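Structure file start_38.txt (compact mmCIF, C-alpha atoms) follows.
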```
# COMPACT_ATOMS: atom_id res chain seq x y z
CA MET A 10 -18.15 -30.28 43.57
CA SER A 11 -18.08 -28.60 40.16
CA ILE A 12 -16.36 -30.25 37.21
CA TYR A 13 -14.37 -27.12 36.41
CA ASN A 14 -13.93 -23.61 37.76
CA GLN A 15 -16.38 -21.30 36.12
CA PRO A 16 -14.80 -18.38 34.20
CA ASN A 17 -15.06 -14.86 35.52
CA LEU A 18 -17.87 -13.50 33.37
CA THR A 19 -17.36 -9.89 34.46
CA SER A 20 -13.97 -9.53 32.74
CA GLY A 21 -15.38 -9.14 29.24
CA ILE A 22 -16.18 -11.73 26.56
CA ASP A 23 -12.53 -12.02 25.49
CA GLY A 24 -11.40 -12.66 29.05
CA THR A 25 -14.09 -15.31 29.38
CA PHE A 26 -12.87 -17.04 26.21
CA VAL A 27 -9.27 -16.97 27.44
CA GLU A 28 -10.28 -18.58 30.73
CA ILE A 29 -12.35 -21.22 28.95
CA ALA A 30 -9.47 -21.94 26.52
CA ALA A 31 -7.08 -22.31 29.45
CA THR A 32 -9.42 -24.78 31.15
CA VAL A 33 -10.44 -26.68 28.00
CA PRO A 34 -7.60 -26.39 25.42
CA SER A 35 -9.66 -28.01 22.65
CA PHE A 36 -12.42 -25.40 22.97
CA ILE A 37 -10.98 -23.04 20.34
CA ILE A 38 -10.25 -25.92 17.96
CA GLY A 39 -13.84 -27.10 18.38
CA LEU A 40 -15.09 -23.57 17.72
CA LEU A 41 -13.11 -23.35 14.46
CA VAL A 42 -14.29 -26.79 13.33
CA PHE A 43 -17.85 -25.72 14.09
CA VAL A 44 -17.50 -22.54 11.99
CA PHE A 45 -16.04 -24.49 9.07
CA GLY A 46 -18.64 -27.26 9.31
CA PHE A 47 -21.54 -24.85 9.72
CA VAL A 48 -20.72 -22.86 6.57
CA PHE A 49 -19.70 -25.90 4.52
CA ILE A 50 -22.59 -28.21 5.42
CA THR A 51 -25.35 -25.61 5.39
CA GLY A 52 -24.01 -24.08 2.17
CA THR A 53 -23.77 -27.34 0.25
CA ALA A 54 -27.07 -28.65 1.62
CA THR A 55 -28.96 -25.47 0.78
CA GLN A 56 -27.48 -25.23 -2.71
CA LYS A 57 -28.24 -28.87 -3.40
CA ALA A 58 -31.82 -28.45 -2.20
CA LYS A 59 -32.36 -25.39 -4.41
CA THR A 60 -30.47 -26.31 -7.57
CA GLY A 61 -29.92 -30.07 -7.31
CA HIS A 62 -26.15 -29.59 -7.37
CA ALA A 63 -23.71 -28.67 -4.61
CA ASP A 64 -20.50 -26.86 -5.58
CA MET A 65 -18.37 -28.38 -2.83
CA PRO A 66 -15.01 -26.76 -3.74
CA MET A 67 -16.56 -23.31 -3.70
CA TRP A 68 -18.21 -23.90 -0.33
CA ALA A 69 -14.93 -25.30 1.01
CA VAL A 70 -13.29 -21.98 0.10
CA MET A 71 -16.16 -20.02 1.66
CA ALA A 72 -15.95 -22.08 4.85
CA SER A 73 -12.15 -21.81 4.97
CA ILE A 74 -12.16 -18.05 4.57
CA SER A 75 -14.87 -17.75 7.26
CA THR A 76 -12.74 -19.87 9.58
CA LEU A 77 -9.65 -17.83 8.72
CA ILE A 78 -11.38 -14.56 9.61
CA VAL A 79 -12.47 -15.96 13.00
CA THR A 80 -8.95 -17.31 13.56
CA LEU A 81 -7.35 -13.96 12.75
CA LEU A 82 -9.68 -12.22 15.20
CA LEU A 83 -8.77 -14.77 17.87
CA SER A 84 -5.07 -14.21 17.18
CA ILE A 85 -5.23 -10.61 18.40
CA LYS A 86 -5.38 -11.65 22.07
CA SER A 87 -2.86 -14.03 23.56
CA GLY A 88 -4.00 -17.27 25.12
CA LEU A 89 -6.63 -18.21 22.56
CA ILE A 90 -4.77 -19.84 19.67
CA ASN A 91 -1.16 -20.65 18.93
CA ILE A 92 0.80 -20.11 15.73
CA GLU A 93 0.54 -23.80 14.75
CA THR A 94 -3.26 -23.56 14.68
CA LEU A 95 -3.08 -20.39 12.61
CA ALA A 96 -0.65 -22.03 10.18
CA ILE A 97 -2.92 -25.06 9.76
CA VAL A 98 -5.97 -22.84 9.10
CA ILE A 99 -3.97 -20.92 6.47
CA SER A 100 -2.88 -24.21 4.88
CA ILE A 101 -6.44 -25.55 4.76
CA THR A 102 -7.60 -22.28 3.16
CA VAL A 103 -4.88 -22.54 0.51
CA PHE A 104 -5.73 -26.20 -0.14
CA SER A 105 -9.39 -25.26 -0.55
CA GLY A 106 -8.36 -22.71 -3.17
CA LEU A 107 -6.24 -25.34 -4.90
CA TRP A 108 -9.24 -27.70 -4.95
CA LEU A 109 -11.45 -24.94 -6.37
CA PHE A 110 -9.09 -23.87 -9.15
CA LEU A 111 -8.30 -27.43 -10.22
CA SER A 112 -11.89 -28.66 -10.09
CA LYS A 113 -13.43 -26.41 -12.71
CA GLY A 114 -13.88 -27.47 -16.30
CA ARG A 115 -13.24 -25.37 -19.37
CA GLY A 116 -15.18 -22.12 -19.35
CA GLU A 117 -16.09 -22.22 -15.68
CA LEU A 118 -14.91 -19.79 -13.01
CA MET B 3 -9.26 -28.70 -19.10
CA GLY B 4 -6.91 -27.40 -21.80
CA GLN B 5 -3.40 -26.07 -21.50
CA ILE B 6 -4.58 -22.47 -21.09
CA LYS B 7 -6.96 -23.49 -18.32
CA PHE B 8 -4.30 -25.67 -16.70
CA ILE B 9 -1.68 -22.88 -16.60
CA SER B 10 -4.31 -20.34 -15.53
CA SER B 11 -5.33 -22.59 -12.64
CA MET B 12 -1.71 -22.94 -11.51
CA ILE B 13 -1.14 -19.17 -11.60
CA MET B 14 -4.47 -18.49 -9.83
CA ILE B 15 -3.49 -20.94 -7.09
CA GLY B 16 -0.24 -19.01 -6.63
CA LEU B 17 -1.95 -15.63 -6.53
CA PHE B 18 -4.65 -16.91 -4.15
CA SER B 19 -1.98 -18.29 -1.82
CA ILE B 20 0.03 -15.07 -1.89
CA ALA B 21 -3.13 -13.05 -1.16
CA ILE B 22 -4.14 -15.22 1.80
CA VAL B 23 -0.65 -15.32 3.36
CA VAL B 24 0.01 -11.59 2.87
CA PHE B 25 -3.43 -10.72 4.27
CA ALA B 26 -2.88 -12.88 7.36
CA ILE B 27 0.60 -11.46 7.98
CA GLN B 28 -0.49 -7.86 7.45
CA PHE B 29 -3.60 -8.32 9.61
CA GLY B 30 -1.33 -9.31 12.49
CA VAL B 31 0.98 -6.34 11.90
CA ASP B 32 -1.84 -3.80 11.61
CA ASN B 33 -3.62 -5.02 14.74
CA GLU B 34 -0.50 -5.79 16.77
CA SER B 35 -1.73 -9.35 17.22
CA ALA B 36 -0.36 -11.55 19.98
CA VAL B 37 0.02 -14.38 17.46
CA LEU B 38 1.81 -13.21 14.31
CA LEU B 39 2.01 -15.37 11.21
CA GLY B 40 5.08 -13.36 10.27
CA ASP B 41 6.89 -14.99 13.19
CA ASP B 42 6.87 -18.23 11.19
CA PRO B 43 9.88 -17.77 8.88
CA GLU B 44 8.67 -20.46 6.48
CA TYR B 45 5.67 -18.40 5.37
CA ALA B 46 7.75 -15.32 4.58
CA LYS B 47 10.20 -17.51 2.62
CA VAL B 48 7.44 -19.23 0.65
CA GLN B 49 5.79 -15.90 -0.10
CA ASN B 50 9.07 -14.63 -1.59
CA ASN B 51 9.48 -17.85 -3.60
CA LEU B 52 5.94 -17.55 -5.00
CA VAL B 53 6.44 -13.91 -5.96
CA GLY B 54 9.73 -14.87 -7.63
CA ASP B 55 8.05 -17.68 -9.59
CA ILE B 56 5.29 -15.35 -10.78
CA GLN B 57 7.87 -12.79 -11.91
CA THR B 58 9.80 -15.51 -13.76
CA PHE B 59 6.55 -16.52 -15.44
CA ARG B 60 6.02 -12.91 -16.55
CA ASP B 61 9.55 -12.63 -17.95
CA ASP B 62 9.31 -15.98 -19.74
CA SER B 63 5.92 -15.10 -21.21
CA ASN B 64 7.09 -11.72 -22.49
CA SER B 65 10.22 -13.20 -24.00
CA SER B 66 8.36 -16.09 -25.61
CA ILE B 67 5.58 -14.01 -27.12
CA THR B 68 8.13 -11.51 -28.49
CA THR B 69 10.04 -14.36 -30.15
CA ALA B 70 6.85 -15.85 -31.59
CA MET B 71 5.65 -12.50 -32.95
CA THR B 72 8.94 -11.68 -34.65
CA SER B 73 9.46 -15.13 -36.17
CA THR B 74 8.62 -15.91 -39.78
CA GLN B 75 7.76 -19.06 -41.68
CA GLU B 76 8.34 -19.83 -45.31
CA ALA B 77 6.11 -22.09 -47.36
CA GLY B 78 6.86 -25.72 -46.62
CA ASP B 79 8.68 -25.03 -43.35
CA GLN B 80 8.28 -27.43 -40.45
CA SER B 81 6.35 -25.49 -37.82
CA ALA B 82 7.29 -25.64 -34.16
CA SER B 83 9.67 -28.57 -34.36
CA SER B 84 11.04 -27.84 -30.89
CA GLY B 85 7.87 -26.47 -29.35
CA GLY B 86 9.92 -24.13 -27.19
CA GLN B 87 7.31 -21.40 -27.17
CA PHE B 88 4.70 -23.83 -25.87
CA LYS B 89 6.82 -24.92 -22.93
CA VAL B 90 6.92 -21.46 -21.38
CA GLY B 91 4.97 -21.18 -18.18
CA VAL B 92 4.52 -24.87 -17.51
CA GLY B 93 7.66 -25.17 -15.40
CA THR B 94 7.14 -22.05 -13.30
CA ALA B 95 3.39 -22.62 -13.01
CA ILE B 96 3.88 -26.14 -11.68
CA SER B 97 6.64 -24.85 -9.40
CA VAL B 98 4.17 -22.34 -7.92
CA THR B 99 1.66 -25.08 -7.17
CA THR B 100 4.14 -27.58 -5.76
CA THR B 101 5.55 -24.86 -3.46
CA VAL B 102 2.04 -24.20 -2.14
CA ILE B 103 1.26 -27.91 -1.74
CA THR B 104 4.55 -28.61 0.02
CA LEU B 105 4.06 -25.78 2.51
CA GLY B 106 0.49 -26.77 3.35
CA PHE B 107 1.35 -30.44 3.57
CA ASN B 108 4.29 -29.84 5.92
CA LYS B 109 2.24 -27.54 8.14
CA ILE B 110 -0.64 -29.99 8.48
CA PHE B 111 1.15 -33.36 8.58
CA GLY B 112 4.67 -32.26 9.60
CA ILE B 113 8.00 -32.83 7.91
CA ASP B 114 9.41 -36.34 7.47
CA THR B 115 6.03 -37.98 7.61
CA GLY B 116 5.08 -41.24 5.97
CA PHE B 117 2.43 -39.37 4.03
CA GLY B 118 5.19 -37.74 1.98
CA ILE B 119 4.53 -40.20 -0.83
CA PHE B 120 1.23 -38.39 -1.50
CA LEU B 121 3.17 -35.16 -2.04
CA THR B 122 5.46 -36.95 -4.47
CA ALA B 123 2.48 -38.43 -6.30
CA ILE B 124 0.64 -35.11 -6.64
CA THR B 125 3.76 -33.29 -7.84
CA SER B 126 4.55 -36.04 -10.34
CA LEU B 127 0.98 -36.00 -11.62
CA LEU B 128 1.10 -32.23 -12.22
CA VAL B 129 4.43 -32.51 -14.05
CA TRP B 130 3.09 -35.41 -16.13
CA ILE B 131 -0.05 -33.45 -17.07
CA GLY B 132 2.11 -30.44 -18.00
CA GLY B 133 4.35 -32.61 -20.19
CA LEU B 134 1.34 -34.14 -21.87
CA TYR B 135 -0.09 -30.71 -22.65
CA ILE B 136 3.21 -29.62 -24.24
CA TRP B 137 3.20 -32.76 -26.38
CA LYS B 138 -0.46 -32.25 -27.24
CA THR B 139 0.19 -28.67 -28.32
CA ILE B 140 3.09 -29.64 -30.60
CA ARG B 141 1.86 -32.92 -32.03
CA GLY B 142 -1.90 -32.77 -31.66
CA ASN B 143 -4.21 -34.77 -29.43
CA PRO B 144 -2.20 -37.49 -27.64
CA ASP B 145 -5.26 -39.67 -26.92
```
Before we go any further, please render this structure as structure tokens.
Amino acid sequence: MSIYNQPNLTSGIDGTFVEIAATVPSFIIGLLVFVFGFVFITGTATQKAKTGHADMPMWAVMASISTLIVTLLLSIKSGLINIETLAIVISITVFSGLWLFLSKGRGEL
Amino acid sequence: MGQIKFISSMIMIGLFSIAIVVFAIQFGVDNESAVLLGDDPEYAKVQNNLVGDIQTFRDDSNSSITTAMTSTQEAGDQSASSGGQFKVGVGTAISVTTTVITLGFNKIFGIDTGFGIFLTAITSLLVWIGGLYIWKTIRGNPD
């Protein structure tokens, strides 16, 4: 017996995502967290390795905007995300900007 | 971070927030998205409030700089006893930021949450920093 019903893979990639999201509601949230974490962690780690300093507020903004773009694309089709998720992603993006603009010293940015 | 940097940061936060919210709303409209941010009335209201605050900031700045440029001082006069021209922008700039923080906080943690004290603390800190900068500009370094 299978753990879950496999999605219909012949209905297009968007249809597959909708079926997966219906079966596992946290899938889309996990995808967004992965996008944010991937950009943020790889960005800060690479910058720190190359320059010895990681500009975390800037990478938070980069990761937030990347996540926002993916979220907006997912919002085109129904069944993938809800408006609460979109609102939270927007809020995190705005907070990242707030962190960036308040973190810089005189003469920076 | 000086007063110019502080006010600039506040205004940039407001413009950044307006840009992100307007982009997200317009993206949904242009692409006929199933999930529209514009369906959330709070975002449209906050966007209008932010635009209004920025316009107030513009009007206050223009009025203040016109007053400062047309004023004169005689020898021996006390300069800037009220400091009115230095206060312009601080109120609206902090209002822009607290509007943004309140919206984001309510969307993430919900309204009437026990975490509300953090919102109060952040807002109070921004107001306190703004007040200190006004004092510093009029009277010199407060340290």
Quick one: of A:Phe47, A:Ile38, A:Gly52, A:Gly61, who's nearest to Ile97 of chain A, counting all atoms listed in the file?
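Selected residue with least distance to Ile97 of chain A: A:Ile38.
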Quick one: everything within 10 Å of Ile99 of chain A, counting all atoms listed in the file, minus sequence neighbours fewer than 5 positions away in the same chain. Send it as an MDAnalysis selection string.
(chainID A and resid 73:74 76:77 80:81 93:94 104:105) or (chainID B and resid 19 22:23 26 39 106 109:110)
Determine which residues of chain B sit within 9 Å of chain A, taking into account only C-alpha atoms, and present them as a VMD selection string.
chain B and resid 3 to 4 7 to 8 10 to 12 14 to 16 18 to 19 22 to 23 26 29 to 30 33 to 39 41 to 42 45 99 102 to 103 105 to 107 109 to 110
Distance query 12 Å from (-14.8, -24.6, 20.6) using only C-alpha atoms, result as a ChimeraX atom specification
/A:26-27,29-45,79-80,83,89-90
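For the pair atom CA of Thr104 of chain B and atom CA of Ile56 of chain B, the separation is 17.1 Å.
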Straight-line distance linking atom CA of Ile13 of chain B with atom CA of Val48 of chain B, stated in Å to one decimal:
15.0 Å
What does the distance between atom CA of Lys138 of chain B and atom CA of Ser97 of chain B come to in Å, to one decimal place?
20.6 Å
Counting only C-alpha atoms, which residues have an atom no more than 8 Å from (6.9, -18.1, -14.8) in the file's coordinates? Please list them as a ChimeraX atom specification.
/B:55-63,90-95
Assuming the input is short of atoms at segment 23-56 of chain A, produce N, CA and C atoms for that part as a CSV table (one decimal), in the coordinates of the input.
```csv
chain,number,residue,atom,x,y,z
A,23,ASP,N,-13.8,-11.5,25.9
A,23,ASP,CA,-12.5,-12.0,25.5
A,23,ASP,C,-11.8,-12.7,26.7
A,24,GLY,N,-12.0,-12.1,27.8
A,24,GLY,CA,-11.4,-12.7,29.0
A,24,GLY,C,-12.1,-14.0,29.4
A,25,THR,N,-13.4,-14.1,29.1
A,25,THR,CA,-14.1,-15.3,29.4
A,25,THR,C,-13.6,-16.4,28.4
A,26,PHE,N,-13.4,-16.1,27.2
A,26,PHE,CA,-12.9,-17.0,26.2
A,26,PHE,C,-11.5,-17.5,26.6
A,27,VAL,N,-10.6,-16.6,27.1
A,27,VAL,CA,-9.3,-17.0,27.4
A,27,VAL,C,-9.3,-18.0,28.6
A,28,GLU,N,-10.2,-17.7,29.6
A,28,GLU,CA,-10.3,-18.6,30.7
A,28,GLU,C,-10.8,-19.9,30.3
A,29,ILE,N,-11.8,-19.9,29.4
A,29,ILE,CA,-12.4,-21.2,29.0
A,29,ILE,C,-11.3,-22.0,28.2
A,30,ALA,N,-10.5,-21.3,27.3
A,30,ALA,CA,-9.5,-21.9,26.5
A,30,ALA,C,-8.4,-22.5,27.4
A,31,ALA,N,-8.1,-21.8,28.5
A,31,ALA,CA,-7.1,-22.3,29.4
A,31,ALA,C,-7.6,-23.6,30.2
A,32,THR,N,-8.9,-23.6,30.5
A,32,THR,CA,-9.4,-24.8,31.2
A,32,THR,C,-9.6,-25.9,30.2
A,33,VAL,N,-10.2,-25.6,29.0
A,33,VAL,CA,-10.4,-26.7,28.0
A,33,VAL,C,-9.7,-26.3,26.7
A,34,PRO,N,-8.4,-26.8,26.6
A,34,PRO,CA,-7.6,-26.4,25.4
A,34,PRO,C,-8.2,-26.7,24.0
A,35,SER,N,-9.1,-27.7,24.0
A,35,SER,CA,-9.7,-28.0,22.6
A,35,SER,C,-10.9,-27.1,22.3
A,36,PHE,N,-11.2,-26.2,23.2
A,36,PHE,CA,-12.4,-25.4,23.0
A,36,PHE,C,-12.3,-24.6,21.7
A,37,ILE,N,-11.2,-23.9,21.5
A,37,ILE,CA,-11.0,-23.0,20.3
A,37,ILE,C,-11.0,-23.9,19.1
A,38,ILE,N,-10.3,-25.0,19.1
A,38,ILE,CA,-10.2,-25.9,18.0
A,38,ILE,C,-11.7,-26.3,17.6
A,39,GLY,N,-12.4,-26.7,18.6
A,39,GLY,CA,-13.8,-27.1,18.4
A,39,GLY,C,-14.6,-26.0,17.8
A,40,LEU,N,-14.4,-24.7,18.2
A,40,LEU,CA,-15.1,-23.6,17.7
A,40,LEU,C,-14.8,-23.4,16.2
A,41,LEU,N,-13.5,-23.5,15.9
A,41,LEU,CA,-13.1,-23.4,14.5
A,41,LEU,C,-13.7,-24.5,13.6
A,42,VAL,N,-13.7,-25.7,14.1
A,42,VAL,CA,-14.3,-26.8,13.3
A,42,VAL,C,-15.8,-26.6,13.2
A,43,PHE,N,-16.4,-26.0,14.2
A,43,PHE,CA,-17.8,-25.7,14.1
A,43,PHE,C,-18.1,-24.7,13.0
A,44,VAL,N,-17.3,-23.6,13.0
A,44,VAL,CA,-17.5,-22.5,12.0
A,44,VAL,C,-17.3,-23.1,10.6
A,45,PHE,N,-16.3,-23.9,10.4
A,45,PHE,CA,-16.0,-24.5,9.1
A,45,PHE,C,-17.2,-25.4,8.7
A,46,GLY,N,-17.6,-26.3,9.6
A,46,GLY,CA,-18.6,-27.3,9.3
A,46,GLY,C,-20.0,-26.6,9.1
A,47,PHE,N,-20.3,-25.5,9.9
A,47,PHE,CA,-21.5,-24.8,9.7
A,47,PHE,C,-21.7,-24.2,8.3
A,48,VAL,N,-20.7,-23.5,7.9
A,48,VAL,CA,-20.7,-22.9,6.6
A,48,VAL,C,-20.7,-23.9,5.5
A,49,PHE,N,-19.8,-24.9,5.6
A,49,PHE,CA,-19.7,-25.9,4.5
A,49,PHE,C,-21.0,-26.8,4.4
A,50,ILE,N,-21.4,-27.3,5.5
A,50,ILE,CA,-22.6,-28.2,5.4
A,50,ILE,C,-23.9,-27.5,5.1
A,51,THR,N,-24.1,-26.3,5.7
A,51,THR,CA,-25.4,-25.6,5.4
A,51,THR,C,-25.3,-25.1,4.0
A,52,GLY,N,-24.1,-24.6,3.5
A,52,GLY,CA,-24.0,-24.1,2.2
A,52,GLY,C,-24.3,-25.1,1.1
A,53,THR,N,-23.6,-26.3,1.3
A,53,THR,CA,-23.8,-27.3,0.2
A,53,THR,C,-25.2,-27.9,0.3
A,54,ALA,N,-25.7,-28.1,1.5
A,54,ALA,CA,-27.1,-28.6,1.6
A,54,ALA,C,-28.1,-27.7,1.0
A,55,THR,N,-28.0,-26.4,1.3
A,55,THR,CA,-29.0,-25.5,0.8
A,55,THR,C,-28.9,-25.4,-0.7
A,56,GLN,N,-27.6,-25.3,-1.3
A,56,GLN,CA,-27.5,-25.2,-2.7
A,56,GLN,C,-28.0,-26.5,-3.4
```
